[in-house]
Amino acid sequence: MKREIPLYTLDGVRDAVVSTHPFTTEDGLGLSLLRFHRGESQDVVLLIPGLTQSSDMFIMPEHRNLVSYLLDNGYGDVWSLDSRLSNRHKYNHGMHRYTLDDVAHWDNAEAVRTVRKAIGPDRRLHVISHCLGAVSFLMGLFGGVIDGVTSVVANSVGLTPTLPAYAAAKIAVEPSLLEYVAGFEYFDPNWGDAPRFTRAWLLSKVISMVHRECDVSACHVLSHLWGAGWPAMYRHENLLEVTHRRLGDLCGGTGMNYYRHVRKMNLAGRAVKFDPKDERHEELPNDYLGNAAMVDVPILLTTGDTNKVFGDSNEICYRRLEKMAPGRHEFRILPGYGHLDPFIGEHADMDVFPHLLDFIKRQAG
């Protein structure tokens with residue numbers, strides 16, 4: 001497959017100094033942050049992608065991306081995290097047993113500390129997060145291992161992951177089926193480009209037989225991986241065709257154990273620790289909503305009105321938080337959008353980003 005847009009390109013952000021800031025987690029992983037610096041700003045923004053995505057979802061060159069939008073609107077210091085969830089690091093290309101507790105406790109908390117070391121203690125730090133990046137960041141914040149944050153935007157899902165029935169059924173059986181029966185170490189939307197008649201190629205063809213809504217194999221696999229829709233993660237009409245064709249680069253492979261944690265949360269009706277007996281995460285709470293009233297960081301929960309991955313999860317989360325801390329948090333529905341297209345959609349800069357900017361401005365005072 002010939003790429004129209006280079007893999008991991010930084011061409012989407014102009015007139016900014018781009019630097020990489022590596023850091024190491026307590027359990028021994030080397031992760032990194034990208035910094036896009038155009039000028040000094042009292043307000044700094046940290047972007048956190050979802051599982052299988054990366055910083056690339058915020059710096060896409062084919063349309064006006066979120067990093068450029070923030071820089072152009074006076075936020076001259078923007079960072080983006082590539083945690084162990086990111087496809088820029090290949091930790092998901094293998095069988096593992098990482099959980100969202102690991103991400104919350106070690107990746108996100110250390111990322112905030114790394115940013116703080118660079119910007120100092122006095123500047124305001126705002127977070128814009130998506131999908132399991134949002135879940136894990138809020139877990140760290142509400143779990144007491146992250147501080148020094150001024151505001152948070154959490155797109156699609158927060159502390160009450162709720163799955164459509166079809167997605168819940170898939171997530172109950174597929175991790176073990178794929179690992180122990182089919183022998184796959186991870187699931188990759190690019191399997192359609194694997195050598196013909198390999199197991200990966202054959203499985204992608206079976207999935208494509210069910211998904212006839214387009215001719216992009218990676219789109220079919222992603223819809224099978226996440227949610228309940230044809231397609232599931234976005235509305236086709238919101239994407240440029242070049243974006244549609246490179247979904248396998250924007251959303252890479254993933255290990256299956258995160259699905260087990262999401263399933264446990266879906267069954268519990270809220271974000272909970274994967275293994276309460278895990279001594280490595282002893283300082284984290286078993287129930288991440290238990291101390292919600294004490295967390296004074298304002299949160300904007302957003303979701304597309306056609307979200308087929310996490311449905312009304314963020315509306316549920318907002319109602320729960322509103323009962324515990326009335327008036328502190330906000331909820332906004334994004335008309336005409338789904339799960340991921342609020343960031344990768346062609347017109348997200350006009351339809352979505354202004355809402356995020358308005359929230360940040362109001363928190364900055």
# chains A, B, ... in the order shown; residues from 1 in each chain; ligands from 1

call {"tool": "residues_around", "arguments": {"residues": "segment 6-10 of chain A", "least_positions_apart": "3", "cutoff": "9 Å", "atoms": "only C-alpha atoms", "output": "PyMOL selection string"}}
result
chain A and resi 3+13-14+18+55-56+59-61+88+249-250

call {"tool": "residues_around", "arguments": {"residues": "segment 126-130 of chain A", "least_positions_apart": "3", "cutoff": "6 Å", "atoms": "only C-alpha atoms", "output": "list in words"}}
result
Val45, Leu46, Leu47, Ile48, Pro49, Gly50, Gly133, Ala134, Thr150, Ser151, Val152, Val153, Ala154 and Asn155 of chain A

call {"tool": "closest_residue", "arguments": {"among": "A:Ala109, A:Glu241, A:His224, A:Thr52", "to": "Tyr166 of chain A", "atoms": "only C-alpha atoms"}}
result
A:His224

call {"tool": "closest_residue", "arguments": {"among": "A:Leu132, A:Val295, A:Ala104, A:Ile344", "to": "Leu240 of chain A", "atoms": "only C-alpha atoms"}}
result
A:Ile344

call {"tool": "select_by_dssp", "arguments": {"residues": "segment 236-360 of chain A", "states": "alpha helix (DSSP H)", "output": "PyMOL selection string"}}
result
chain A and resi 241-245+247-250+257-268+313-324+341-344+348-351+353-360

call {"tool": "closest_atom_pairs", "arguments": {"of": "segment 248-365 of chain A", "to": "segment 198-218 of chain A", "cutoff": "10 Å", "atoms": "only C-alpha atoms", "output": "tab-separated table"}}
result
residue	atom	partner	partner_atom	distance
A:Gly248	CA	A:Ala218	CA	5.3
A:Asp249	CA	A:Ala218	CA	9.1
A:Cys251	CA	A:Ala218	CA	8.8
A:Gly252	CA	A:Ala218	CA	9.4

call {"tool": "write_last_selection", "arguments": {"atoms": "N, CA and C atoms", "output": "mmCIF file, in the first residue's frame"}}
result
data_model
loop_
_atom_site.group_PDB
_atom_site.id
_atom_site.type_symbol
_atom_site.label_atom_id
_atom_site.label_comp_id
_atom_site.auth_asym_id
_atom_site.auth_seq_id
_atom_site.Cartn_x
_atom_site.Cartn_y
_atom_site.Cartn_z
ATOM 1 N N GLY A 248 -5.912 2.948 8.982
ATOM 2 C CA GLY A 248 -5.011 1.956 9.559
ATOM 3 C C GLY A 248 -3.760 2.566 10.153
ATOM 4 N N ASP A 249 -3.353 3.747 9.652
ATOM 5 C CA ASP A 249 -2.220 4.464 10.238
ATOM 6 C C ASP A 249 -2.647 5.268 11.455
ATOM 7 N N CYS A 251 -5.203 4.638 13.436
ATOM 8 C CA CYS A 251 -5.695 3.740 14.496
ATOM 9 C C CYS A 251 -4.997 2.394 14.335
ATOM 10 N N GLY A 252 -3.927 2.175 15.063
ATOM 11 C CA GLY A 252 -3.113 0.981 14.858
ATOM 12 C C GLY A 252 -3.611 -0.232 15.616
#

call {"tool": "select_by_dssp", "arguments": {"residues": "segment 72-127 of chain A", "states": "strand (DSSP E)", "output": "PyMOL selection string"}}
result
chain A and resi 77-82+124-127

call {"tool": "closest_residue", "arguments": {"among": "A:Asp77, A:Asp101, A:Glu110, A:Asp341", "to": "Pro231 of chain A", "atoms": "only C-alpha atoms"}}
result
A:Asp341

call {"tool": "residues_around", "arguments": {"residues": "Ser136 of chain A", "least_positions_apart": "6", "cutoff": "9 Å", "atoms": "only C-alpha atoms", "output": "short mmCIF file (atom, residue, chain, number, x, y, z; two decimals) with N, CA and C atoms, in the first residue's frame"}}
result
data_model
loop_
_atom_site.label_atom_id
_atom_site.label_comp_id
_atom_site.auth_asym_id
_atom_site.auth_seq_id
_atom_site.Cartn_x
_atom_site.Cartn_y
_atom_site.Cartn_z
N LEU A 100 -5.94 -0.35 32.29
CA LEU A 100 -6.09 1.10 32.37
C LEU A 100 -5.61 1.65 33.70
N ASP A 101 -5.52 0.80 34.72
CA ASP A 101 -4.89 1.22 35.98
C ASP A 101 -3.43 1.56 35.74
N ASP A 102 -2.74 0.74 34.94
CA ASP A 102 -1.34 1.02 34.62
C ASP A 102 -1.20 2.38 33.93
N VAL A 103 -2.08 2.64 32.97
CA VAL A 103 -2.03 3.89 32.22
C VAL A 103 -2.31 5.08 33.13
N ALA A 104 -3.33 4.94 33.97
CA ALA A 104 -3.71 6.03 34.87
C ALA A 104 -2.61 6.33 35.88
N HIS A 105 -2.06 5.28 36.46
CA HIS A 105 -1.12 5.42 37.57
C HIS A 105 0.27 5.82 37.10
N ASN A 108 -0.05 8.47 32.61
CA ASN A 108 -0.63 9.81 32.66
C ASN A 108 -0.04 10.66 33.78
N GLY A 158 -16.15 8.87 29.87
CA GLY A 158 -15.44 9.33 31.05
C GLY A 158 -15.32 8.24 32.08
N LEU A 159 -16.00 8.40 33.19
CA LEU A 159 -15.88 7.45 34.30
C LEU A 159 -17.03 6.45 34.38
#

call {"tool": "closest_residue", "arguments": {"among": "A:Met294, A:Leu225, A:Ile360, A:Ile333", "to": "Pro189 of chain A", "atoms": "only C-alpha atoms"}}
result
A:Leu225

call {"tool": "closest_residue", "arguments": {"among": "A:Ala271, A:Leu141, A:Val67, A:Leu340", "to": "Met233 of chain A", "atoms": "only C-alpha atoms"}}
result
A:Leu340

call {"tool": "closest_residue", "arguments": {"among": "A:Pro342, A:Pro22, A:Pro195, A:Gly140", "to": "His355 of chain A", "atoms": "only C-alpha atoms"}}
result
A:Pro342

call {"tool": "atom_distance", "arguments": {"atom1": "atom CA of Trp79 of chain A", "atom2": "atom CA of Arg97 of chain A"}}
result
27.7 Å

call {"tool": "residues_around", "arguments": {"residues": "Pro175 of chain A", "least_positions_apart": "2", "cutoff": "9 Å", "atoms": "only C-alpha atoms", "output": "ChimeraX atom specification"}}
result
/A:170-173,177-180,255-257,259-260

call {"tool": "atom_distance", "arguments": {"atom1": "atom CA of Arg263 of chain A", "atom2": "atom CA of Thr99 of chain A"}}
result
11.7 Å

call {"tool": "decode", "arguments": {"residues": "segment 10-75 of chain A", "atoms": "C-alpha atoms", "output": "short mmCIF file (atom, residue, chain, number, x, y, z; two decimals), in the first residue's frame"}}
result
data_model
loop_
_atom_site.label_atom_id
_atom_site.label_comp_id
_atom_site.auth_asym_id
_atom_site.auth_seq_id
_atom_site.Cartn_x
_atom_site.Cartn_y
_atom_site.Cartn_z
CA LEU A 10 4.75 16.35 11.58
CA ASP A 11 3.87 18.34 8.45
CA GLY A 12 0.44 19.21 9.83
CA VAL A 13 1.85 21.82 12.22
CA ARG A 14 3.61 24.86 10.80
CA ASP A 15 5.46 27.73 12.49
CA ALA A 16 6.10 25.90 15.74
CA VAL A 17 9.19 24.39 17.33
CA VAL A 18 8.54 20.67 17.71
CA SER A 19 10.46 18.69 20.32
CA THR A 20 10.23 15.19 21.79
CA HIS A 21 10.26 14.71 25.55
CA PRO A 22 10.84 11.08 26.62
CA PHE A 23 10.03 9.75 30.06
CA THR A 24 10.06 6.40 31.81
CA THR A 25 7.24 4.76 33.73
CA GLU A 26 7.53 3.04 37.08
CA ASP A 27 7.04 -0.34 35.40
CA GLY A 28 9.89 0.27 32.96
CA LEU A 29 8.39 1.56 29.71
CA GLY A 30 9.89 4.37 27.67
CA LEU A 31 7.13 6.75 26.55
CA SER A 32 7.12 10.25 25.09
CA LEU A 33 5.45 13.61 24.66
CA LEU A 34 5.53 15.86 21.62
CA ARG A 35 5.73 19.59 22.34
CA PHE A 36 4.56 22.20 19.83
CA HIS A 37 5.89 25.56 20.97
CA ARG A 38 5.11 28.83 19.22
CA GLY A 39 5.41 31.24 22.12
CA GLU A 40 5.03 31.69 25.84
CA SER A 41 1.52 31.23 27.18
CA GLN A 42 0.10 31.27 30.68
CA ASP A 43 -2.20 28.45 29.59
CA VAL A 44 -0.68 25.17 28.39
CA VAL A 45 -2.70 22.38 26.74
CA LEU A 46 -1.98 18.64 26.98
CA LEU A 47 -3.67 16.37 24.41
CA ILE A 48 -4.28 12.68 25.17
CA PRO A 49 -5.37 10.30 22.37
CA GLY A 50 -7.35 7.10 22.78
CA LEU A 51 -6.35 3.45 22.53
CA THR A 52 -4.63 2.57 19.22
CA GLN A 53 -4.46 6.23 18.22
CA SER A 54 -1.54 8.60 18.76
CA SER A 55 -0.48 12.24 18.58
CA ASP A 56 -1.16 11.94 14.85
CA MET A 57 -4.90 12.38 15.38
CA PHE A 58 -4.19 15.91 16.61
CA ILE A 59 -1.73 16.98 13.88
CA MET A 60 -3.32 15.66 10.67
CA PRO A 61 -2.04 17.62 7.63
CA GLU A 62 -5.11 17.05 5.45
CA HIS A 63 -7.31 19.48 7.39
CA ARG A 64 -6.98 22.10 10.11
CA ASN A 65 -5.99 20.03 13.11
CA LEU A 66 -6.43 20.62 16.82
CA VAL A 67 -2.80 21.54 17.58
CA SER A 68 -2.75 24.20 14.84
CA TYR A 69 -6.15 25.46 15.95
CA LEU A 70 -4.95 25.94 19.53
CA LEU A 71 -1.69 27.58 18.45
CA ASP A 72 -3.57 29.95 16.14
CA ASN A 73 -5.91 30.92 18.97
CA GLY A 74 -3.22 32.07 21.36
CA TYR A 75 -2.29 28.83 23.10
#
